[in-house]
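Asker: Please read through the structure below; I'll follow up with questions.
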Amino acid sequence: MLAEIRIDGLGVISQASAQFHEGLTVLTGETGAGKTMVVTSLHLLSGARADAGRVRQGAARAVVEGRFSTANTSTRAAEEVDRLLESTGAERDEDGTVIAVRTVSSDGRSRAHLGGRSVPAGALAELTAPLLTVHGQNDQLRLQRPDQQRQALDAFGGAAIGFLLDKYRSLRAQWVEARDELIERTRSGRELAQEVDRLEFALNEIDSVAPQPGEDVDIVANVRRLTDLDSLRSAAAAAQAALVGGADAELGGDTGSEAAGALDLLGEARARIESSDDQQLTVLGPRLAEAITVLTDVSSDLAGYLADLPSDPGALDTLLGRQAELKSLTRKYAADVDGVLEWAAQARDRLSRIDVSADALAALTARVEETAAALAAAASALSKARAKASVKLGKAVTAELAGLAMGKARLEVAVRPIPAGPQDTAPLTVDGQEVHAGSAGVDEVEFRLAAHSGATPLPISRSASGGELSRVMLALEVVLAGAESGATMVFDEVDAGVGGRAAVEIGRRLARLARTHQVIVVTHLPQVAAYADTHLVVDKVDGGKGADSGVRTLTDEQRVVELARMLAGLDDTETGRAHAEELLATAMADRAG
């Protein structure tokens, strides 16, 4: 339920706050005092679009803060709120309530906070969805739309229709996927066959070359080595001769046909040191032994390097030819050989999923027919459940209308299939009729109202006046409310266009609805206001800095004055107050009964 609301800089309200309690709360006040701003603030807390034009003139921003309690809500609603708080990192206040804040700056920018955390405005919508329902004057117009009427019928049908609708939607997703694939396969069969040819040709070309990962990089390095082969061989041979000796070794400036190598000289030096009796000299022997070991390893590596150098004079030509083959692939398919191999893998995967054979087309056709049959059965079951629920809903709303001074009125809820239209390239056949399979079923729901006995039921968009439409919406809300308690329902002038006996009945119905829900009503009718558990009034004061409004809670004596004012402005007369007291006493006795 909504526990408290604070408003700063919104419309004519510079600063105001109000506490709400269980039961029925009414908001009254003169026209233009700012009652609508209270409803606007609740819309903002519900994540509605922010309008900079709502910011009070001269104010930098408008701030709306709401405090919500889940103590008396349904288990489902409390669990949804807990999941939202956990996902956003928001926290409850010390008393267990949840604080939501919406800020709208004068330049149109909007910010939202939940439980001390900055969140998207959509998070506020998730919070209020299970806790708060706001019925503005525009909701009466939305009630005339077929999709809103279908949603109302589905809500009345409860879990039974919900289960069938979920099953229908799941099967519809499978049917649409299979149908679209079949349509695409049939339409683009030639294109698919051409794509298969292109992929097969490309893969054959790649397979004939058989590139290896990183091969192009290795070839570049090998080509560079072969180009410098003579200088590399000469340098390696000279280095090895310098180590082991040979005709090309030059040591100490002396040149001989078989000059001594570094290893020979180190060996001779080691022998001479080890033959000495001087300990300072002999300790150098192990170090020379280490140097001999290192040079021996280097000599061996040089020998291996020389042995690995290509000796085939045509090796360079072979590598250049291979490089040309790889370049022909990289020009067509990717920047390097690794990219070519990746493209080939993707092409093979795509090729495995393309099947243009007659068998594949027949199998896909069979799958479409199977899913269509299952979907048709689910659609038929959903339609029958809706038809059954429509009769009960019509009777229940009709009974409520009788209590709202529309005793002769009758509401009928028609459920009929939506015929397939030109946009349905593959219509669904349900119970022998081709229909449009929409996301919510194959049914169109229409509320029809017979305003008096003997009248022909007509769509409510054509048959209901503004006052009648208000009462139909209220009757529908009372019926849909059921036994689930805890949600907050806000009605903005649901009694528009209503007066007299009908106004009393609306007040009575709202009071009855408030037994299981927190109900907040903005009203101009004293007959409705008299049924309130809590009466709030919005006052407007015209000062030097412009009009300003505030919200205050009325005492019992103040309620009498306010009701007298609402009774044609009779607040300053004894007769008006007597009428207000009588109205208030009658409502209290009616509620007690």
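Residues are named by chain letter and number: chains run A, B, ... in the order of the structure tokens, numbers start at 1 in each chain, and ligands are numbered from 1 in the order shown.
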If you run DSSP on the backbone here, which positions in region 87-248 of chain A get alpha helix (DSSP H)? Please write them as a VMD selection string.
Answerer: chain A and resid 87 to 88 121 to 128 137 to 142 146 to 187 189 to 209 215 to 227 229 to 244
Asker: Mind checking which residues fall within 10 Å of Val435 (chain A), counting only C-alpha atoms, ignoring those fewer than 6 positions away in the same chain, and posting them as a list in words?
Answerer: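 The contact residues come out as Ala376, Pro417, Ile418, Pro419, Ala420, Gly421, Asp424, Ala426, Pro427, Leu428, Thr429, Gly441, Val442 and Asp443 of chain A.
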Asker: Would you return as a ChimeraX atom specification the members of region 79-321 of chain A that DSSP assigns to strand (DSSP E or B) on this structure's backbone?
Answerer: /A:98-105,110-114,117-119,132-135,246,251,254,259
Asker: With a cut-off of 6 Å, could you pull out the residues of region 36-59 of chain A touching region 3-10 of chain A and give me the nearest pair of atoms for each, distance in Å to one decimal, using only C-alpha atoms, ordered by chain and ascending number, as a tab-separated table?
Answerer:
residue	atom	partner	partner_atom	distance
A:Arg54	CA	A:Leu10	CA	5.9
A:Val55	CA	A:Leu10	CA	5.0
A:Arg56	CA	A:Gly9	CA	4.9
Asker: Would you kindly return, as a list in words, each protein, DNA or RNA residue with an atom no farther than 7 Å from any atom of Val101 (chain A), considering only C-alpha atoms and excluding same-chain residues fewer than 2 positions away?
Answerer: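 Counting only C-alpha atoms, the residues come to Leu45, Val64, Glu65, Gly66, Ile99, Thr103, Ala112, His113 and Leu114 of chain A.
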Asker: Would you write out those residues with all heavy atoms, as a compact mmCIF listing (two decimals), in the first residue's frame?
Answerer:
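File produced: result.txt:
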# COMPACT_ATOMS: atom_id res chain seq x y z
N LEU A 45 5.78 8.30 -10.17
CA LEU A 45 6.34 7.21 -9.38
C LEU A 45 6.11 5.85 -10.04
O LEU A 45 6.76 4.87 -9.67
CB LEU A 45 5.73 7.21 -7.98
CG LEU A 45 6.15 8.36 -7.06
CD1 LEU A 45 5.44 8.26 -5.72
CD2 LEU A 45 7.66 8.37 -6.86
N VAL A 64 9.10 14.14 -6.47
CA VAL A 64 8.01 13.36 -5.89
C VAL A 64 8.63 12.18 -5.15
O VAL A 64 9.46 11.45 -5.72
CB VAL A 64 7.04 12.84 -6.98
CG1 VAL A 64 5.93 12.02 -6.34
CG2 VAL A 64 6.46 14.00 -7.76
N GLU A 65 8.24 12.01 -3.90
CA GLU A 65 8.76 10.92 -3.09
C GLU A 65 7.59 10.11 -2.54
O GLU A 65 6.66 10.66 -1.95
CB GLU A 65 9.60 11.46 -1.93
CG GLU A 65 10.14 10.39 -1.00
CD GLU A 65 10.93 10.97 0.17
OE1 GLU A 65 11.81 11.82 -0.11
OE2 GLU A 65 10.68 10.57 1.31
N GLY A 66 7.63 8.81 -2.76
CA GLY A 66 6.58 7.94 -2.26
C GLY A 66 7.14 6.86 -1.36
O GLY A 66 8.23 6.33 -1.60
N ILE A 99 11.23 3.38 -0.29
CA ILE A 99 11.11 4.78 -0.70
C ILE A 99 11.51 4.90 -2.17
O ILE A 99 12.59 4.49 -2.57
CB ILE A 99 11.99 5.70 0.16
CG1 ILE A 99 11.54 5.63 1.63
CG2 ILE A 99 11.93 7.13 -0.35
CD1 ILE A 99 12.38 6.47 2.56
N THR A 103 12.62 12.70 -9.85
CA THR A 103 12.98 14.11 -9.98
C THR A 103 12.89 14.50 -11.46
O THR A 103 13.42 13.81 -12.33
CB THR A 103 14.41 14.37 -9.48
OG1 THR A 103 14.50 13.93 -8.12
CG2 THR A 103 14.75 15.84 -9.55
N ALA A 112 15.59 8.89 -11.30
CA ALA A 112 14.78 8.05 -10.41
C ALA A 112 15.69 7.40 -9.38
O ALA A 112 16.83 7.02 -9.68
CB ALA A 112 14.03 6.98 -11.21
N HIS A 113 15.20 7.27 -8.15
CA HIS A 113 15.92 6.61 -7.08
C HIS A 113 14.99 5.64 -6.37
O HIS A 113 13.80 5.90 -6.20
CB HIS A 113 16.46 7.63 -6.07
CG HIS A 113 17.55 8.51 -6.61
ND1 HIS A 113 17.29 9.62 -7.39
CD2 HIS A 113 18.91 8.42 -6.50
CE1 HIS A 113 18.44 10.19 -7.73
NE2 HIS A 113 19.43 9.49 -7.20
N LEU A 114 15.56 4.52 -5.99
CA LEU A 114 14.78 3.50 -5.29
C LEU A 114 15.61 2.97 -4.13
O LEU A 114 16.73 2.47 -4.34
CB LEU A 114 14.41 2.36 -6.24
CG LEU A 114 13.64 1.19 -5.64
CD1 LEU A 114 12.28 1.66 -5.13
CD2 LEU A 114 13.45 0.07 -6.67
Asker: With distances taken over only C-alpha atoms, which residue among A:Gly407, A:Gly394, A:Gly122, A:Gly189 lies nearest Phe156 (chain A)?
Answerer: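 Under the stated criterion, the closest residue is A:Gly394.
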Asker: Extract, using only C-alpha atoms, all DNA, RNA and protein residues at most 9 Å from region 573-576 of chain A, discarding same-chain residues fewer than 5 positions from it, and format them as a ChimeraX atom specification.
Answerer: /A:561,563-565,567-568,581
Asker: Taking into account only C-alpha atoms, which residue in the set A:Leu165, A:Ala315, A:Ala262, A:Ala532 is nearest to Ser380 (chain A)?
Answerer: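 Smallest separation from Ser380 (chain A) among the options: A:Leu165.
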Asker: Please provide as a VMD selection string all residues within 10 Å of Thr40 (chain A), with the sequence filter that same-chain residues fewer than 6 positions apart are discarded (counting only C-alpha atoms).
Answerer: chain A and resid 10 to 11 34 46 48 50 54 64 134 136 492
Asker: Excluding same-chain residues fewer than 6 positions from Gly115 (chain A), what lies within 10 Å of it counting only C-alpha atoms, as a PyMOL selection string?
Answerer: chain A and resi 67+85+88-93+97-101
Asker: So, counting only C-alpha atoms, which residue among A:Ala414, A:Met406, A:Thr318, A:Thr365 is closest to Val391 (chain A)?
Answerer: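 For Val391 (chain A), the nearest of the candidates is A:Ala414.
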Asker: Pick from A:Val337, A:Val413, A:Ala202, A:Met473: nearest to Arg448 (chain A), with only C-alpha atoms counted?
Answerer: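 Closest to Arg448 (chain A) of all the choices is A:Val413.
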Asker: Smallest atom-to-atom distance to Leu24 (chain A): which of A:Val522, A:Ala324, A:Leu382, A:Val541, using only C-alpha atoms?
Answerer: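 Closest to Leu24 (chain A) of all the choices is A:Val522.
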Asker: CA of Lys332 (chain A) and CA of Asn222 (chain A) are how many Å apart?
Answerer: 24.1 Å
